[in-house]
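Visitor: Got a structure for you, query.cif, holding mmCIF, C-alpha atoms.
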data_upload
#
loop_
_atom_site.label_atom_id
_atom_site.label_comp_id
_atom_site.auth_asym_id
_atom_site.auth_seq_id
_atom_site.Cartn_x
_atom_site.Cartn_y
_atom_site.Cartn_z
CA MET A 1 6.55 -33.02 68.22
CA ALA A 2 5.14 -30.73 65.51
CA ASN A 3 1.76 -29.16 66.10
CA PRO A 4 -0.59 -29.92 63.14
CA ALA A 5 -2.55 -26.75 63.77
CA LEU A 6 0.59 -24.62 63.45
CA ASP A 7 1.54 -26.44 60.21
CA ILE A 8 -1.91 -25.74 58.73
CA THR A 9 -1.69 -22.08 59.73
CA ALA A 10 1.78 -21.74 58.22
CA THR A 11 0.62 -23.38 55.00
CA GLU A 12 -2.44 -21.16 54.74
CA SER A 13 -0.34 -18.03 55.34
CA ARG A 14 1.96 -18.76 52.39
CA PRO A 15 1.18 -16.61 49.33
CA ARG A 16 -0.49 -18.33 46.43
CA PRO A 17 1.56 -18.90 43.27
CA PRO A 18 1.16 -15.96 40.87
CA ALA A 19 -0.99 -16.21 37.75
CA LEU A 20 0.77 -17.59 34.68
CA THR A 21 1.11 -14.26 32.86
CA ARG A 22 2.49 -12.49 35.92
CA ASP A 23 4.83 -15.40 36.67
CA VAL A 24 6.23 -15.37 33.12
CA TRP A 25 6.78 -11.61 33.26
CA HIS A 26 8.42 -11.87 36.71
CA LYS A 27 10.82 -14.64 35.62
CA ALA A 28 11.63 -12.82 32.37
CA ARG A 29 12.65 -9.78 34.42
CA LEU A 30 14.77 -11.97 36.69
CA TRP A 31 16.45 -13.48 33.64
CA ALA A 32 17.17 -9.98 32.29
CA ASP A 33 18.52 -8.94 35.71
CA ALA A 34 20.84 -11.96 35.76
CA MET A 35 22.09 -11.00 32.30
CA ALA A 36 22.74 -7.44 33.45
CA LEU A 37 24.33 -8.25 36.82
CA SER A 38 26.48 -11.30 36.10
CA PRO A 39 29.02 -10.96 33.26
CA TYR A 40 29.67 -14.71 33.26
CA TYR A 41 25.98 -15.40 32.77
CA ARG A 42 25.64 -12.59 30.21
CA TYR A 43 28.41 -13.78 27.92
CA GLY A 44 27.34 -17.40 28.29
CA GLU A 45 23.72 -16.61 27.45
CA ILE A 46 24.79 -14.55 24.45
CA GLY A 47 26.49 -17.71 23.21
CA ASN A 48 23.45 -19.86 23.99
CA LEU A 49 21.10 -17.51 22.16
CA SER A 50 23.47 -17.21 19.18
CA TYR A 51 23.62 -20.99 18.94
CA THR A 52 19.83 -21.27 19.17
CA PHE A 53 19.32 -18.64 16.46
CA GLY A 54 21.98 -20.10 14.19
CA LYS A 55 20.88 -23.72 14.60
CA GLY A 56 17.22 -22.83 14.00
CA ILE A 57 18.13 -20.98 10.81
CA LEU A 58 20.55 -23.66 9.63
CA GLU A 59 18.19 -26.59 10.22
CA GLY A 60 15.25 -24.73 8.69
CA ALA A 61 17.22 -24.08 5.52
CA ILE A 62 19.02 -27.41 5.18
CA LEU A 63 17.06 -30.31 6.68
CA TYR A 64 14.01 -30.07 4.41
CA THR A 65 16.09 -29.64 1.25
CA MET A 66 18.64 -32.27 2.26
CA PHE A 67 16.03 -34.92 2.99
CA SER A 68 14.23 -34.06 -0.26
CA MET A 69 17.49 -34.68 -2.12
CA ALA A 70 18.10 -37.88 -0.13
CA GLN A 71 14.62 -39.15 -0.97
CA ASN A 72 14.41 -38.17 -4.65
CA GLU A 73 17.99 -38.52 -5.89
CA PHE A 74 19.83 -40.87 -3.58
CA LYS A 75 17.00 -42.97 -2.08
CA VAL A 76 18.64 -42.93 1.34
CA ALA A 77 16.28 -40.70 3.35
CA ALA A 78 15.06 -43.62 5.46
CA VAL A 79 18.64 -44.73 6.08
CA LEU A 80 19.53 -41.26 7.37
CA GLY A 81 16.58 -41.21 9.74
CA VAL A 82 17.08 -44.73 11.07
CA LEU A 83 20.82 -44.46 11.57
CA THR A 84 20.45 -41.14 13.35
CA LYS A 85 17.81 -42.65 15.64
CA TYR A 86 20.10 -45.54 16.57
CA PHE A 87 23.24 -43.45 16.92
CA TYR A 88 21.78 -40.87 19.29
CA PRO A 89 21.49 -43.15 22.36
CA ALA A 90 25.15 -44.04 22.01
CA ILE A 91 26.07 -40.35 21.69
CA THR A 92 24.05 -39.54 24.81
CA PHE A 93 25.43 -42.47 26.82
CA ILE A 94 29.10 -41.80 26.10
CA SER A 95 28.90 -38.01 26.37
CA SER A 96 26.92 -37.96 29.62
CA LEU A 97 29.25 -40.53 31.17
CA LYS A 98 32.40 -38.61 30.29
CA VAL A 99 31.13 -35.18 31.26
CA SER A 100 29.71 -36.43 34.58
CA SER A 101 33.15 -37.88 35.41
CA PHE A 102 34.70 -34.54 34.47
CA VAL A 103 32.33 -32.58 36.73
CA ASP A 104 32.90 -35.02 39.61
CA TYR A 105 36.63 -34.52 39.12
CA LEU A 106 36.26 -30.73 39.20
CA GLU A 107 34.21 -30.80 42.38
CA GLY A 108 37.22 -32.35 44.11
CA PHE A 109 38.99 -28.97 43.88
CA ALA A 110 38.36 -26.59 46.76
CA SER A 111 38.99 -23.50 44.62
CA GLU A 112 35.93 -22.32 42.71
CA ASN A 113 38.14 -20.13 40.53
CA LEU A 114 40.02 -23.21 39.39
CA GLN A 115 36.71 -24.97 38.67
CA VAL A 116 35.52 -21.99 36.63
CA ARG A 117 38.75 -21.92 34.59
CA ARG A 118 38.43 -25.61 33.75
CA LEU A 119 34.74 -25.24 32.89
CA ILE A 120 35.41 -22.33 30.54
CA ARG A 121 38.19 -24.32 28.88
CA ALA A 122 35.67 -27.14 28.38
CA LEU A 123 33.24 -24.65 26.80
CA ALA A 124 35.91 -23.71 24.26
CA LEU A 125 36.17 -27.39 23.27
CA VAL A 126 32.36 -27.51 23.04
CA GLY A 127 32.49 -24.52 20.72
CA GLY A 128 34.93 -26.35 18.48
CA GLY A 129 32.66 -29.40 18.33
CA GLN A 130 29.60 -27.35 17.48
CA ALA A 131 31.50 -25.35 14.86
CA LEU A 132 32.59 -28.60 13.19
CA GLY A 133 29.02 -29.90 13.38
CA ALA A 134 27.73 -26.72 11.71
CA VAL A 135 30.23 -27.07 8.85
CA LEU A 136 29.29 -30.74 8.35
CA LEU A 137 25.61 -29.81 8.16
CA LEU A 138 26.44 -27.03 5.69
CA LEU A 139 28.13 -29.63 3.47
CA CYS A 140 24.75 -31.42 3.25
CA TYR A 141 23.10 -28.37 1.64
CA PRO A 142 22.10 -29.63 -1.84
CA PRO A 143 23.72 -26.93 -4.04
CA LEU A 144 26.99 -27.20 -2.11
CA PHE A 145 26.91 -30.99 -1.82
CA THR A 146 26.20 -31.60 -5.50
CA GLY A 147 28.77 -28.99 -6.45
CA LEU A 148 31.42 -30.77 -4.39
CA VAL A 149 30.75 -34.40 -5.32
CA GLY A 150 29.26 -34.04 -8.81
CA ASP A 151 28.20 -37.37 -10.32
CA TRP A 152 30.39 -39.54 -8.10
CA ALA A 153 28.79 -42.96 -7.63
CA GLY A 154 29.45 -43.06 -3.88
CA SER A 155 27.94 -39.66 -3.16
CA ARG A 156 24.98 -41.15 -1.28
CA TYR A 157 27.36 -42.69 1.25
CA LEU A 158 29.17 -39.40 1.63
CA LEU A 159 25.86 -37.66 2.39
CA ILE A 160 25.13 -40.25 5.08
CA ALA A 161 28.64 -39.81 6.52
CA PHE A 162 28.37 -36.01 6.62
CA TYR A 163 25.00 -36.10 8.34
CA LEU A 164 26.00 -38.74 10.89
CA LEU A 165 29.25 -36.94 11.67
CA HIS A 166 27.26 -33.74 12.13
CA HIS A 167 25.06 -35.50 14.68
CA ILE A 168 28.03 -37.01 16.47
CA CYS A 169 29.92 -33.69 16.74
CA ASP A 170 26.93 -31.49 17.52
CA GLY A 171 25.16 -34.05 19.73
CA CYS A 172 28.23 -34.73 21.87
CA ALA A 173 28.95 -31.01 22.14
CA GLN A 174 25.37 -30.22 23.20
CA MET A 175 25.38 -32.94 25.84
CA VAL A 176 28.71 -31.80 27.29
CA GLU A 177 27.76 -28.13 27.08
CA GLY A 178 24.52 -28.68 28.98
CA ARG A 179 26.27 -30.19 31.99
CA VAL A 180 29.26 -27.83 31.91
CA TRP A 181 27.10 -24.71 31.56
CA PHE A 182 24.78 -25.83 34.36
CA LYS A 183 27.74 -26.38 36.69
CA LEU A 184 29.15 -22.98 35.81
CA ILE A 185 25.94 -21.07 36.49
CA GLU A 186 25.43 -23.11 39.64
CA ILE A 187 28.71 -21.67 40.89
CA LYS A 188 28.12 -18.14 39.63
CA LEU A 189 24.35 -17.77 40.15
CA ARG A 190 23.05 -20.33 42.60
CA HIS A 191 25.94 -20.03 45.06
CA GLY A 192 26.81 -16.44 44.22
CA ARG A 193 26.50 -13.44 46.50
CA LEU A 194 23.78 -11.63 44.60
CA ARG A 195 20.84 -12.69 46.70
CA ARG A 196 18.08 -11.81 44.24
CA ILE A 197 19.67 -13.96 41.56
CA SER A 198 20.70 -16.88 43.75
CA ASP A 199 17.27 -17.10 45.39
CA ASN A 200 15.62 -17.38 41.97
CA PHE A 201 18.13 -19.67 40.27
CA TRP A 202 15.66 -22.30 39.07
CA GLY A 203 13.22 -19.71 37.70
CA ILE A 204 16.01 -17.97 35.79
CA HIS A 205 17.30 -21.25 34.40
CA ALA A 206 13.82 -22.36 33.34
CA MET A 207 13.10 -19.02 31.66
CA SER A 208 16.39 -19.22 29.76
CA GLN A 209 15.51 -22.67 28.42
CA ASN A 210 12.01 -21.54 27.45
CA ILE A 211 13.30 -18.47 25.63
CA GLN A 212 15.77 -20.60 23.70
CA MET A 213 13.14 -23.21 22.87
CA LEU A 214 10.56 -20.71 21.59
CA SER A 215 13.02 -18.58 19.64
CA GLY A 216 14.57 -21.68 18.06
CA LEU A 217 11.16 -22.98 17.01
CA ILE A 218 10.09 -19.65 15.54
CA LEU A 219 13.29 -19.32 13.51
CA LEU A 220 13.01 -22.95 12.38
CA TRP A 221 9.44 -22.41 11.12
CA VAL A 222 10.18 -19.08 9.45
CA THR A 223 13.30 -20.39 7.72
CA THR A 224 11.56 -23.58 6.60
CA LEU A 225 8.71 -21.54 5.09
CA THR A 226 11.21 -19.27 3.34
CA THR A 227 13.10 -22.29 2.02
CA GLY A 228 9.82 -23.68 0.67
CA LEU A 229 9.40 -20.52 -1.40
CA PHE A 230 12.88 -20.99 -2.89
CA GLN A 231 12.84 -24.80 -3.18
CA ASP A 232 13.39 -24.62 -6.94
CA ARG A 233 16.05 -21.91 -6.59
CA LEU A 234 18.28 -23.12 -3.75
CA GLY A 235 21.28 -21.42 -5.33
CA HIS A 236 19.62 -18.00 -4.99
CA GLY A 237 21.54 -15.35 -3.07
CA VAL A 238 18.81 -15.15 -0.42
CA MET A 239 19.20 -18.85 0.40
CA TRP A 240 22.96 -18.68 0.47
CA GLY A 241 22.74 -15.68 2.78
CA ILE A 242 20.40 -17.57 5.15
CA VAL A 243 22.53 -20.73 5.16
CA LEU A 244 25.84 -18.92 5.68
CA CYS A 245 24.38 -16.69 8.39
CA GLY A 246 23.08 -19.73 10.27
CA THR A 247 26.41 -21.52 9.90
CA LEU A 248 28.38 -18.51 11.15
CA LEU A 249 26.14 -17.94 14.18
CA THR A 250 26.27 -21.61 15.13
CA ALA A 251 30.02 -21.90 14.62
CA ILE A 252 31.09 -18.91 16.72
CA SER A 253 28.35 -19.00 19.37
CA LYS A 254 29.95 -20.97 22.17
CA PHE A 255 33.24 -19.08 21.98
CA SER A 256 31.63 -15.94 23.47
CA LEU A 257 32.30 -16.83 27.11
CA PRO A 258 35.81 -18.27 26.56
CA LEU A 259 36.78 -15.13 24.63
CA ALA A 260 35.24 -12.88 27.29
CA TRP A 261 37.18 -14.83 29.91
CA GLU A 262 40.42 -14.45 27.99
CA PHE A 263 40.14 -10.70 27.46
CA ILE A 264 37.92 -9.41 30.30
CA LEU A 265 36.76 -11.74 33.06
CA ARG A 266 39.95 -13.42 34.22
CA HIS A 267 41.47 -10.05 35.07
CA GLY A 268 38.84 -9.66 37.77
CA LYS A 269 37.63 -6.20 36.74
CA GLN A 270 34.18 -7.39 35.65
CA GLU A 271 33.63 -10.00 38.37
CA GLU A 272 30.17 -9.65 39.87
CA GLU A 273 31.14 -11.18 43.17
#
Mind turning the file's structure into structure tokens?

Guide:
Amino acid sequence: MANPALDITATESRPRPPALTRDVWHKARLWADAMALSPYYRYGEIGNLSYTFGKGILEGAILYTMFSMAQNEFKVAAVLGVLTKYFYPAITFISSLKVSSFVDYLEGFASENLQVRRLIRALALVGGGQALGAVLLLLCYPPLFTGLVGDWAGSRYLLIAFYLLHHICDGCAQMVEGRVWFKLIEIKLRHGRLRRISDNFWGIHAMSQNIQMLSGLILLWVTTLTTGLFQDRLGHGVMWGIVLCGTLLTAISKFSLPLAWEFILRHGKQEEE
């Protein structure tokens, strides 16, 4: 039977959690170490950050202007918002169900190398979905949209279709990517042989998500403010440069790890384990 006195002593001897600033700095260093030491994690995180940067730029440049056009010209802004709200639960339900079945299926294989190959193949499909979603959102950019459809009477319905298809493609891809990426880093980081990384898996993962969240928000705000300055000149070269840059970053982002696997990692020369 456990001795309460010994339990109290053991609890009191444990070090206190570090202060917030020190904890953030410590986890940021661990995240940087994981990037440096694990090529799988490095190439995957490059893709994650590229997607975050590109999506923040793209949404900051397009959403405000697109909804302004939908409200003033087509009178369908509320329809876009409501349909998106009702579609998203279905996207989440179907995507999470399918990807969980896929991960359960993979875990039936004893070979981790086989699991990794299948997961990276799934990431390539995710990249295709997010690239298609980026192009569909680009088509909602007012100068491009009005240039494509002109005065066509059904243009409002086409705008709704483009935006909903963007959410379906990008939303499904994000849901699948989240589960697939987590399983991959669980294999490579959490159960890997680099003790310092594996012992701090949750801190590294949390820091990665926080970095992506903050950088995405900053880029979204900055791009939205810039777009506000050019709201009467959306065809300006600066705006086209911002929109195309965001589209390109978003479209190619999740192919970084599959391409690295194809040309570097599968040959075993850069394997961290």

Visitor: Could you list the residues chosen by the PyMOL selection byres ((chain A and resi 34) around 10) in this structure as a list in words?

Guide: Ala28, Arg29, Leu30, Trp31, Ala32, Asp33, Met35, Ala36, Leu37, Ser38, Pro39, Tyr40, Tyr41, Arg42, Glu45, Leu189, Leu194, Arg196, Ile197, Ser198, Asn200, Phe201 and Ile204 of chain A

Visitor: Between A:Arg233, A:Lys183, A:Arg156, A:Arg266, which residue has the minimum interatomic distance to Arg117 (chain A), considering only C-alpha atoms?

Guide: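 The answer is A:Arg266, which sits nearest to Arg117 (chain A).
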
Visitor: Hey, can you check how far CA of Cys140 (chain A) sits from CA of Lys85 (chain A)?

Guide: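 Straight-line distance from CA of Cys140 (chain A) to CA of Lys85 (chain A) works out to 18.1 Å.
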
Visitor: Care to translate the PyMOL selection byres ((chain A and resi 107-116) around 12) into actual residues of this file, as a PyMOL selection string?

Guide: chain A and resi 40+100-106+117-123+180-188+191-192+257-258+261+265-268+271+273

Visitor: Which residues, named as in the file, does the PyMOL selection byres ((chain A and resi 242) around 12) pick out? Answer as a PyMOL selection string.

Guide: chain A and resi 53-62+138+141+219-220+222-224+226-227+230+234-241+243-249

Visitor: Record the distance separating CA of Gln174 (chain A) and CA of Asn48 (chain A), expressed in Å with one decimal.

Guide: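 These atoms are spaced 10.6 Å apart.
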
Visitor: Quick one, how far is CA of Val135 (chain A) from CA of Gly44 (chain A)?

Guide: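 Interatomic distance here is 21.9 Å.
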
Visitor: For Leu159 (chain A), which of A:Ala134, A:Val126, A:Phe67, A:Lys98 is the closest residue, counting all atoms listed in the file?

Guide: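 Under the stated criterion, the closest residue is A:Phe67.
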
Visitor: If we count only C-alpha atoms, what is near Ala173 (chain A) at a cut-off of 6 Å, once residues fewer than 3 positions away on the same chain are taken out, given as a CSV table (one decimal) with C-alpha atoms, keeping the file's coordinate frame?

Guide:
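Saved as result-v9.csv:
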chain,number,residue,atom,x,y,z
A,126,VAL,CA,32.4,-27.5,23.0
A,129,GLY,CA,32.7,-29.4,18.3
A,130,GLN,CA,29.6,-27.4,17.5
A,170,ASP,CA,26.9,-31.5,17.5
A,176,VAL,CA,28.7,-31.8,27.3
A,177,GLU,CA,27.8,-28.1,27.1

Visitor: Please identify all polymer residues within 9 Å of Ala77 (chain A), counting all atoms listed in the file, omitting same-chain residues fewer than 5 positions from it, and present them as a list in words.

Guide: Met66, Phe67, Ser68, Met69, Ala70, Gln71, Asn72 and Val82 of chain A

Visitor: With C-alpha atoms kept, could you save the residues just selected as an mmCIF file, in the frame of the given file?

Guide:
data_model
loop_
_atom_site.group_PDB
_atom_site.id
_atom_site.type_symbol
_atom_site.label_atom_id
_atom_site.label_comp_id
_atom_site.auth_asym_id
_atom_site.auth_seq_id
_atom_site.Cartn_x
_atom_site.Cartn_y
_atom_site.Cartn_z
ATOM 1 C CA MET A 66 18.640 -32.270 2.260
ATOM 2 C CA PHE A 67 16.030 -34.920 2.990
ATOM 3 C CA SER A 68 14.230 -34.060 -0.260
ATOM 4 C CA MET A 69 17.490 -34.680 -2.120
ATOM 5 C CA ALA A 70 18.100 -37.880 -0.130
ATOM 6 C CA GLN A 71 14.620 -39.150 -0.970
ATOM 7 C CA ASN A 72 14.410 -38.170 -4.650
ATOM 8 C CA VAL A 82 17.080 -44.730 11.070
#

Visitor: Generate all heavy atoms for region 189-200 of chain A and emit them as an mmCIF file, keeping the file's coordinate frame.

Guide:
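Just written: result.cif:
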data_model
loop_
_atom_site.group_PDB
_atom_site.id
_atom_site.type_symbol
_atom_site.label_atom_id
_atom_site.label_comp_id
_atom_site.auth_asym_id
_atom_site.auth_seq_id
_atom_site.Cartn_x
_atom_site.Cartn_y
_atom_site.Cartn_z
ATOM 1 N N LEU A 189 25.680 -18.305 39.820
ATOM 2 C CA LEU A 189 24.350 -17.770 40.150
ATOM 3 C C LEU A 189 23.798 -18.374 41.428
ATOM 4 O O LEU A 189 23.437 -17.658 42.352
ATOM 5 C CB LEU A 189 23.379 -18.021 38.998
ATOM 6 C CG LEU A 189 23.635 -17.316 37.668
ATOM 7 C CD1 LEU A 189 22.437 -17.491 36.755
ATOM 8 C CD2 LEU A 189 23.936 -15.842 37.860
ATOM 9 N N ARG A 190 23.707 -19.689 41.465
ATOM 10 C CA ARG A 190 23.050 -20.330 42.600
ATOM 11 C C ARG A 190 23.803 -20.120 43.904
ATOM 12 O O ARG A 190 23.194 -19.900 44.952
ATOM 13 C CB ARG A 190 22.902 -21.828 42.322
ATOM 14 C CG ARG A 190 22.005 -22.530 43.330
ATOM 15 C CD ARG A 190 21.857 -23.985 42.998
ATOM 16 N NE ARG A 190 20.855 -24.628 43.828
ATOM 17 C CZ ARG A 190 20.618 -25.925 43.833
ATOM 18 N NH1 ARG A 190 21.309 -26.726 43.043
ATOM 19 N NH2 ARG A 190 19.692 -26.431 44.621
ATOM 20 N N HIS A 191 25.134 -20.199 43.843
ATOM 21 C CA HIS A 191 25.940 -20.030 45.060
ATOM 22 C C HIS A 191 26.648 -18.681 45.090
ATOM 23 O O HIS A 191 27.584 -18.492 45.869
ATOM 24 C CB HIS A 191 26.958 -21.165 45.164
ATOM 25 C CG HIS A 191 26.342 -22.523 45.158
ATOM 26 N ND1 HIS A 191 25.296 -22.869 45.979
ATOM 27 C CD2 HIS A 191 26.606 -23.625 44.408
ATOM 28 C CE1 HIS A 191 24.948 -24.122 45.761
ATOM 29 N NE2 HIS A 191 25.714 -24.604 44.806
ATOM 30 N N GLY A 192 26.196 -17.765 44.253
ATOM 31 C CA GLY A 192 26.810 -16.440 44.220
ATOM 32 C C GLY A 192 26.310 -15.560 45.358
ATOM 33 O O GLY A 192 25.458 -15.951 46.166
ATOM 34 N N ARG A 193 26.826 -14.349 45.394
ATOM 35 C CA ARG A 193 26.500 -13.440 46.500
ATOM 36 C C ARG A 193 25.369 -12.475 46.189
ATOM 37 O O ARG A 193 24.941 -11.727 47.051
ATOM 38 C CB ARG A 193 27.752 -12.629 46.872
ATOM 39 C CG ARG A 193 28.898 -13.512 47.371
ATOM 40 C CD ARG A 193 30.149 -12.704 47.631
ATOM 41 N NE ARG A 193 31.263 -13.569 47.986
ATOM 42 C CZ ARG A 193 32.503 -13.148 48.145
ATOM 43 N NH1 ARG A 193 32.785 -11.869 47.950
ATOM 44 N NH2 ARG A 193 33.467 -13.990 48.467
ATOM 45 N N LEU A 194 24.917 -12.487 44.946
ATOM 46 C CA LEU A 194 23.780 -11.630 44.600
ATOM 47 C C LEU A 194 22.501 -12.349 44.975
ATOM 48 O O LEU A 194 22.052 -13.255 44.293
ATOM 49 C CB LEU A 194 23.812 -11.303 43.101
ATOM 50 C CG LEU A 194 24.998 -10.449 42.648
ATOM 51 C CD1 LEU A 194 25.027 -10.341 41.143
ATOM 52 C CD2 LEU A 194 24.939 -9.079 43.283
ATOM 53 N N ARG A 195 21.931 -11.951 46.088
ATOM 54 C CA ARG A 195 20.840 -12.690 46.700
ATOM 55 C C ARG A 195 19.639 -12.844 45.774
ATOM 56 O O ARG A 195 19.035 -13.900 45.678
ATOM 57 C CB ARG A 195 20.423 -11.941 47.980
ATOM 58 C CG ARG A 195 19.258 -12.513 48.709
ATOM 59 C CD ARG A 195 19.713 -13.548 49.701
ATOM 60 N NE ARG A 195 18.582 -14.165 50.361
ATOM 61 C CZ ARG A 195 18.675 -14.817 51.503
ATOM 62 N NH1 ARG A 195 19.836 -14.926 52.095
ATOM 63 N NH2 ARG A 195 17.627 -15.381 52.039
ATOM 64 N N ARG A 196 19.283 -11.767 45.075
ATOM 65 C CA ARG A 196 18.080 -11.810 44.240
ATOM 66 C C ARG A 196 18.220 -12.834 43.122
ATOM 67 O O ARG A 196 17.259 -13.471 42.722
ATOM 68 C CB ARG A 196 17.815 -10.428 43.652
ATOM 69 C CG ARG A 196 16.496 -10.348 42.915
ATOM 70 C CD ARG A 196 16.022 -8.913 42.785
ATOM 71 N NE ARG A 196 14.747 -8.886 42.085
ATOM 72 C CZ ARG A 196 14.558 -8.330 40.900
ATOM 73 N NH1 ARG A 196 15.574 -7.792 40.267
ATOM 74 N NH2 ARG A 196 13.367 -8.325 40.342
ATOM 75 N N ILE A 197 19.440 -12.979 42.609
ATOM 76 C CA ILE A 197 19.670 -13.960 41.560
ATOM 77 C C ILE A 197 19.734 -15.362 42.124
ATOM 78 O O ILE A 197 19.090 -16.287 41.630
ATOM 79 C CB ILE A 197 20.974 -13.631 40.792
ATOM 80 C CG1 ILE A 197 20.821 -12.330 40.013
ATOM 81 C CG2 ILE A 197 21.339 -14.758 39.845
ATOM 82 C CD1 ILE A 197 22.067 -11.896 39.296
ATOM 83 N N SER A 198 20.517 -15.534 43.198
ATOM 84 C CA SER A 198 20.700 -16.880 43.750
ATOM 85 C C SER A 198 19.407 -17.449 44.297
ATOM 86 O O SER A 198 19.158 -18.651 44.197
ATOM 87 C CB SER A 198 21.767 -16.849 44.850
ATOM 88 O OG SER A 198 21.390 -15.993 45.908
ATOM 89 N N ASP A 199 18.539 -16.615 44.844
ATOM 90 C CA ASP A 199 17.270 -17.100 45.390
ATOM 91 C C ASP A 199 16.277 -17.499 44.301
ATOM 92 O O ASP A 199 15.282 -18.173 44.591
ATOM 93 C CB ASP A 199 16.626 -16.026 46.271
ATOM 94 C CG ASP A 199 17.334 -15.887 47.617
ATOM 95 O OD1 ASP A 199 18.210 -16.736 47.905
ATOM 96 O OD2 ASP A 199 17.029 -14.948 48.364
ATOM 97 N N ASN A 200 16.540 -17.076 43.073
ATOM 98 C CA ASN A 200 15.620 -17.380 41.970
ATOM 99 C C ASN A 200 16.323 -18.166 40.852
ATOM 100 O O ASN A 200 15.949 -18.062 39.680
ATOM 101 C CB ASN A 200 15.040 -16.076 41.400
ATOM 102 C CG ASN A 200 14.135 -15.375 42.384
ATOM 103 O OD1 ASN A 200 12.967 -15.707 42.524
ATOM 104 N ND2 ASN A 200 14.684 -14.393 43.081
#
